[in-house]
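Before any comments, here is the structure.
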Amino acid sequence: MTLNRDFFVAVFFLVLSLGMYATTYTLPEPMFNQLASWTWPRIILVPLGFLSLVLMLQSQKSDDETVSFSTLRQWLVENSNPFVCFALFFGFLLFMPVLGMLIGGLIYVFLTLSVLGGWTPRLLALHAGISVVFVFGMWATFSLALGVLLPEGTILKVY
Amino acid sequence: MFENIALAAPELFTINTMMLMMAGTFAGLLAGAIPGFTIAMAVVLVLPFTFTMSPVQGLATMIAVYVGGLSGGLMSGILTGIPGTPSSVATTFDGYPLARSGKPGLALGIGVWSSFFGGVFAAIVLMLVAPQLALIGLEFQPVDYFALIIFALTVTASLSGDQMVKGLMSGLLGLLVATIGSDVVFGQPRFTFGSDNIEQGFSFLPVLVGIFAFGRLLGDVKSKEKAHQPLGGDTHVVHIDYIGSAKEVLRRWGNVLRSSTIGVFVGVLPAAGSTISNILAYDQAKKTSKERDQFGKGAIDGIIAPETANNATAGGALIVMMALGLPGDIMTAIMLGALLIHDVIPSPSFITDEPKIAYSIFLAFFVANFMMLALQSVTLRGFVLITRVKLYMLTAVILFYCALGMFALNNVSWDMWTLFFFGILGFFMRALGFPIVPLVLGVVLGKIAEARLSQVFARSDDITVFLSRPWSLFFLILACFSLVFPLYQKQVGKAAWTRFYPPVLLVVMAYPVFLMPGTIRPVVAVLMALAGLVLAGIQIKRGHVPQQPE
């Protein structure tokens with residue numbers, strides 16, 4: 001048995017299909033002679049489970065290398081920039097109720113620019129300028145010109 | 001027809017209306033070009049301004065925003081790889097690679113001209129055969145819609161080529177995601193696991209933008225060197241060759257005509273819309289192209305097909321809205337609201353009862369396409385400056401714009417979280433070799449498919465209806481052939497069975513066409529069957545000559 005990438009993906013999908021299929025039994029029966037709320041999910045889950053098995057079989061025929069800790073670590077290192085961006089975006093959303101769209105946006109854009117672009121004084125000034133112009137510009141367009149109530153945060157009460 | 005045009009023209013061609021249309025087209029172009037800002041938002045924002053206008057002026061302005069928005073979407077789709085709406089998903093397949101290969105000017109030029117030709121084709125169809133075409137829409141029942149959606153999903157999976165299994169799994173995962181939230185029939189919570197937020201389900205725009213924006217942008221900033229490159233590579237001067245682009249599009253007139261026809265046809269079907277048409281047109285362009293291997297790498301036909309089709313769909317949707325009072329998509333739903341506000345009630349006799357307004361709308365749609373072309377020639381020069389911006393700068397700013405735009409859609413913070421979750425999902429699926437377009441379409445079409453299926457079962461439990469209704473059978477057969485197509489493409493010239501794929505397709509498809517009402521379609525069916533039989537006869541006579549390996 002080859003424990004390559006597609007094998008693990010197939011196992012994940014198989015478990016997902018089985019788990020979701022089991023969950024459909026907790027859904028209520030229809031009140032009238034209508035389509036039950038579990039019918040459509042089951043129509044989807046049966047072929048999804050079947051295709052997971054097909055993928056599992058295909059994975060055993062392929063020449064893909066076996067997944068090991070070193071290949072996983074290499075992949076994580078190669079994708080460190082995207083992961084940092086995800087973490088920053090997560091922080092932006094998490095602190096939205098406190099910082100609001102404007103302050104949160106300014107901090108998020110500035111940090112993302114600096115993490116990806118660099119931290120030299122010249123770049124920091126450039127990043128600060130970009131953050132102010134583009135974040136404030138868009139925030140002003142939406143909240144002042146279009147009247148959209150953006151999250152104001154507990155720090156800055158705009159309205 | 002000409003007397004109706006003469007009646008409508010003086011009402012439409014006034015300086016005021018033309019100025020309003022120009023402003024509307026510009027607003028639409030801007031809205032479509034900014035990632036996270038949707039055409040629907042732009043049209044909704046314009047709607048209150050039209051209350052004080054005459055019906056013709058108001059509707060002409062809104063149509064101008066609509067046409068401008070459809071074409072503006074291609075700018076962000078081609079230059080950043082993020083489709084602003086599901087109607088420009090397929091444009092990114094080849095538009096973005098062509099722009100990244102140092103030809104953003106050509107990609108944009110092709111896109112603009114394709115949009116223009118698609119729009120003009122639809123406008124002409126609108127004026128010539130609107131009432132007759134609308135009747136085809138009436139033939140469609142829930143079972144036919146369901147079959148059409150299944151066909152659209154198999155098409156996207158078949159576009160995945162070698163990754164067919166993963167493509168199908170991706171589409172099914174999309175359908176599964178669409179089931180999360182509340183059941184479309186009774187509104188009961190489903191797969192919510194006790195979360196109130198999940199009970200709202202996932203809106204398709206945050207899903208779409210999340211999957212494309214995060215996947216594309218974060219893929220571009222993986223390494224420091226890549227992140228510091230400008231979007232357009234080392235190309236410093238972006239030249240937009242309008243005449244060259246127009247010639248390229250006209251040289252591929254067959255693709256333009258086919259994609260426009262697909263666009264109008266899908267537009268005529270209520271609630272089908274450009275989400276489906278751009279993918280179907282792309283698929284057909286790929287299947288018929290001699291440069292199939294170039295698709296996905298920057299094929300010109302791959303830009304022409306979706307851009308022509310989505311603009312043509314807008315025309316088709318207007319036909320149904322006016323002739324039947326049925327909105328084909330969210331845009332025509334808003335337009336229908338605008339008509340009702342002005343005390344104009346669409347009905348099958350609307351075009352004959354209100355020729356001045358109906359033909360003003362047709363003419364406005366026609367004129368708006370010319371305005372879009374003129375304005376694009378100015379705005380494109382400004383917009384291509386984006387290709388000189390470093391990728392990491394674009395990434396940071398666009399991701400923020402996406403979050404802001406998604407929040408503004410419904411004023412719900414959950415939509416921003418949806419954007420984030422699906423960004424992660426899209427990133428991992430890409431990394432694991434899954435095509436993401438079927439996933440997006442699954443999410444977009446899932447709820448519609450379930451609603452149609454529930455309507456089918458509300459009428460009867462008899463599942464043979466899928467085979468007894470001509471349109472349903474038509475699409476299900478097409479879906480089967482579509483699934484086999486990647487194998488055919490791989491084996492053509494090598495395996496004996498591939499010689500019979502086109503003739504069998506023709507003969508089998510002739511059956512549902514023969515069952516359709518009227519006299520023209522049965523005659524076409526007989527011709528199809530005869531052509532199939534002749535082709536099969538030729539193949540049998542010729543025998544199997546396997547291709548020599550190179």
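Letters A, B, ... go to the chains of the structure tokens in the order shown; residues in each chain start at 1; ligands are counted from 1 in the same order.
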
Residues of chain B at most 8 Å from chain A: nearest atom pair and distance in Å, only C-alpha atoms, as a Markdown table:
| residue | atom | partner | partner_atom | distance |
| --- | --- | --- | --- | --- |
| B:Val165 | CA | A:Leu51 | CA | 6.6 |
| B:Lys166 | CA | A:Leu55 | CA | 7.7 |
| B:Leu168 | CA | A:Leu51 | CA | 8.0 |
| B:Met169 | CA | A:Leu48 | CA | 6.0 |
| B:Leu172 | CA | A:Ile44 | CA | 6.1 |
| B:Leu173 | CA | A:Leu48 | CA | 7.6 |
| B:Leu175 | CA | A:Ile44 | CA | 7.1 |
| B:Leu176 | CA | A:Pro41 | CA | 6.4 |
| B:Thr179 | CA | A:Pro41 | CA | 6.6 |
| B:Asp183 | CA | A:Ser37 | CA | 5.8 |
| B:Val185 | CA | A:Leu35 | CA | 7.4 |
| B:Phe186 | CA | A:Ser37 | CA | 7.9 |
| B:Gln188 | CA | A:Ser37 | CA | 7.8 |
| B:Arg190 | CA | A:Leu27 | CA | 7.0 |
| B:Phe191 | CA | A:Thr23 | CA | 7.5 |
| B:Leu218 | CA | A:Pro82 | CA | 5.1 |
| B:Gly219 | CA | A:Pro82 | CA | 7.3 |
| B:Val221 | CA | A:Asn81 | CA | 6.7 |
| B:Lys222 | CA | A:Asn81 | CA | 5.4 |
| B:Ser223 | CA | A:Asn81 | CA | 7.1 |
| B:Lys224 | CA | A:Leu116 | CA | 7.0 |
| B:Ala227 | CA | A:Leu116 | CA | 7.0 |
| B:His228 | CA | A:Gly117 | CA | 7.0 |
| B:Tyr392 | CA | A:Leu116 | CA | 6.1 |
| B:Met393 | CA | A:Leu113 | CA | 6.0 |
| B:Ala396 | CA | A:Val109 | CA | 5.4 |
| B:Val397 | CA | A:Val109 | CA | 6.3 |
| B:Phe400 | CA | A:Gly105 | CA | 6.6 |
| B:Tyr401 | CA | A:Met138 | CA | 7.6 |
| B:Leu404 | CA | A:Met101 | CA | 7.7 |
| B:Phe407 | CA | A:Leu150 | CA | 7.7 |
| B:Ala408 | CA | A:Val148 | CA | 6.6 |
| B:Asn411 | CA | A:Leu149 | CA | 7.4 |
| B:Met416 | CA | A:Leu93 | CA | 7.5 |
| B:Trp417 | CA | A:Leu93 | CA | 7.3 |
| B:Phe420 | CA | A:Phe90 | CA | 7.5 |
| B:Ile424 | CA | A:Phe86 | CA | 7.7 |
| B:Leu432 | CA | A:Arg5 | CA | 7.6 |
| B:Glu450 | CA | A:Trp40 | CA | 6.5 |
| B:Leu453 | CA | A:Leu35 | CA | 7.8 |
| B:Ser454 | CA | A:Leu35 | CA | 5.2 |
| B:Phe457 | CA | A:Leu35 | CA | 6.3 |
| B:Ala458 | CA | A:Gln34 | CA | 5.5 |

Fewer than 2 positions away in the same chain doesn't count, so skip those; otherwise give me all residues within 12 Å of Leu535 of chain B, counting only C-alpha atoms, as a PDB file with N, CA and C atoms, in the first residue's frame.
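Wrote it out as out27.pdb, contents follow:
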ATOM      1  N   ARG B 499     -14.114   6.677 -33.284  1.00  0.00           N
ATOM      2  CA  ARG B 499     -14.622   7.061 -34.614  1.00  0.00           C
ATOM      3  C   ARG B 499     -16.148   7.175 -34.594  1.00  0.00           C
ATOM      4  N   PHE B 500     -16.770   6.485 -33.654  1.00  0.00           N
ATOM      5  CA  PHE B 500     -18.242   6.473 -33.635  1.00  0.00           C
ATOM      6  C   PHE B 500     -18.838   7.440 -32.604  1.00  0.00           C
ATOM      7  N   TYR B 501     -17.961   8.150 -31.900  1.00  0.00           N
ATOM      8  CA  TYR B 501     -18.465   9.087 -30.885  1.00  0.00           C
ATOM      9  C   TYR B 501     -19.340  10.191 -31.512  1.00  0.00           C
ATOM     10  N   PRO B 502     -18.829  10.933 -32.533  1.00  0.00           N
ATOM     11  CA  PRO B 502     -19.692  11.987 -33.112  1.00  0.00           C
ATOM     12  C   PRO B 502     -20.977  11.454 -33.750  1.00  0.00           C
ATOM     13  N   PRO B 503     -20.907  10.359 -34.587  1.00  0.00           N
ATOM     14  CA  PRO B 503     -22.174   9.895 -35.175  1.00  0.00           C
ATOM     15  C   PRO B 503     -23.180   9.400 -34.142  1.00  0.00           C
ATOM     16  N   VAL B 504     -22.699   8.677 -33.118  1.00  0.00           N
ATOM     17  CA  VAL B 504     -23.633   8.183 -32.089  1.00  0.00           C
ATOM     18  C   VAL B 504     -24.255   9.368 -31.351  1.00  0.00           C
ATOM     19  N   LEU B 505     -23.436  10.382 -31.070  1.00  0.00           N
ATOM     20  CA  LEU B 505     -23.950  11.583 -30.388  1.00  0.00           C
ATOM     21  C   LEU B 505     -25.096  12.194 -31.202  1.00  0.00           C
ATOM     22  N   LEU B 506     -24.861  12.326 -32.521  1.00  0.00           N
ATOM     23  CA  LEU B 506     -25.890  12.931 -33.386  1.00  0.00           C
ATOM     24  C   LEU B 506     -27.181  12.111 -33.387  1.00  0.00           C
ATOM     25  N   VAL B 507     -27.033  10.788 -33.544  1.00  0.00           N
ATOM     26  CA  VAL B 507     -28.220   9.925 -33.641  1.00  0.00           C
ATOM     27  C   VAL B 507     -28.993   9.921 -32.316  1.00  0.00           C
ATOM     28  N   MET B 528     -30.447  15.460 -38.186  1.00  0.00           N
ATOM     29  CA  MET B 528     -29.357  15.057 -37.288  1.00  0.00           C
ATOM     30  C   MET B 528     -29.122  13.551 -37.368  1.00  0.00           C
ATOM     31  N   ALA B 529     -30.237  12.802 -37.324  1.00  0.00           N
ATOM     32  CA  ALA B 529     -30.136  11.332 -37.358  1.00  0.00           C
ATOM     33  C   ALA B 529     -29.530  10.866 -38.672  1.00  0.00           C
ATOM     34  N   LEU B 530     -29.974  11.491 -39.770  1.00  0.00           N
ATOM     35  CA  LEU B 530     -29.432  11.114 -41.087  1.00  0.00           C
ATOM     36  C   LEU B 530     -27.936  11.414 -41.159  1.00  0.00           C
ATOM     37  N   ALA B 531     -27.569  12.607 -40.671  1.00  0.00           N
ATOM     38  CA  ALA B 531     -26.145  12.986 -40.699  1.00  0.00           C
ATOM     39  C   ALA B 531     -25.326  11.990 -39.878  1.00  0.00           C
ATOM     40  N   GLY B 532     -25.875  11.596 -38.722  1.00  0.00           N
ATOM     41  CA  GLY B 532     -25.181  10.632 -37.865  1.00  0.00           C
ATOM     42  C   GLY B 532     -24.990   9.302 -38.556  1.00  0.00           C
ATOM     43  N   LEU B 533     -26.064   8.840 -39.231  1.00  0.00           N
ATOM     44  CA  LEU B 533     -25.991   7.540 -39.914  1.00  0.00           C
ATOM     45  C   LEU B 533     -24.982   7.581 -41.061  1.00  0.00           C
ATOM     46  N   GLY B 537     -21.660   5.389 -41.407  1.00  0.00           N
ATOM     47  CA  GLY B 537     -21.418   4.587 -42.613  1.00  0.00           C
ATOM     48  C   GLY B 537     -20.030   4.853 -43.178  1.00  0.00           C
ATOM     49  N   ILE B 538     -19.672   6.135 -43.220  1.00  0.00           N
ATOM     50  CA  ILE B 538     -18.339   6.505 -43.746  1.00  0.00           C
ATOM     51  C   ILE B 538     -17.236   5.871 -42.895  1.00  0.00           C
ATOM     52  N   GLN B 539     -17.440   5.933 -41.565  1.00  0.00           N
ATOM     53  CA  GLN B 539     -16.427   5.386 -40.645  1.00  0.00           C
ATOM     54  C   GLN B 539     -16.286   3.876 -40.814  1.00  0.00           C
ATOM     55  N   ILE B 540     -17.443   3.185 -41.004  1.00  0.00           N
ATOM     56  CA  ILE B 540     -17.387   1.724 -41.161  1.00  0.00           C
ATOM     57  C   ILE B 540     -16.650   1.372 -42.465  1.00  0.00           C
ATOM     58  N   LYS B 541     -16.964   2.135 -43.520  1.00  0.00           N
ATOM     59  CA  LYS B 541     -16.352   1.892 -44.827  1.00  0.00           C
ATOM     60  C   LYS B 541     -14.848   2.134 -44.773  1.00  0.00           C
ATOM     61  N   ARG B 542     -14.469   3.192 -44.030  1.00  0.00           N
ATOM     62  CA  ARG B 542     -13.055   3.561 -43.975  1.00  0.00           C
ATOM     63  C   ARG B 542     -12.242   2.560 -43.146  1.00  0.00           C
TER      64      ARG B 542
END

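Between atom CA of Val67 of chain B and atom CA of Ile398 of chain B lies a distance of 23.7 Å.
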
(Q) Which residues are close to segment 246-254 of chain B, i.e. within 9 Å by only C-alpha atoms, leaving aside same-chain residues fewer than 3 positions away? Reply as JSON, numbers by chain. (A) {"B": [109, 110, 112, 113, 114, 117, 241, 242, 243, 257, 258, 259, 300, 301, 304]}

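In this model, the gap between atom CA of Gly72 of chain B and atom CA of Met372 of chain B comes to 9.0 Å.
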
Q. Which residue gives the smallest distance to Leu88 of chain A among A:Arg73, A:Gly100, A:Asn4, A:Ile107, with only C-alpha atoms counted?
A. A:Ile107

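The smallest atom-to-atom distance between Val46 of chain B and any of B:Ile334, B:Arg292, B:Lys286, B:Ile78, using only C-alpha atoms, is found for B:Ile334.
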
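Taking atom CA of Lys103 of chain B as the reference point, atom CA of Gly298 of chain B is found at 9.4 Å.
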
Q: Give the helix (DSSP H, G or I) residues of chain A, as DSSP finds them on the backbone, and put them as a count of residues only.
A: 117

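The protein and nucleic acid residues lying at most 10 Å from Phe7 of chain A are Met1, Thr2, Leu3, Asn4, Ala10, Val11, Phe12, Ser52, Leu53, Leu55, Met56, Leu57, Gln58, Ser59, Gln60, Asp64, Thr66 and Val67 of chain A, with only C-alpha atoms considered and sequence neighbours fewer than 3 positions away removed.
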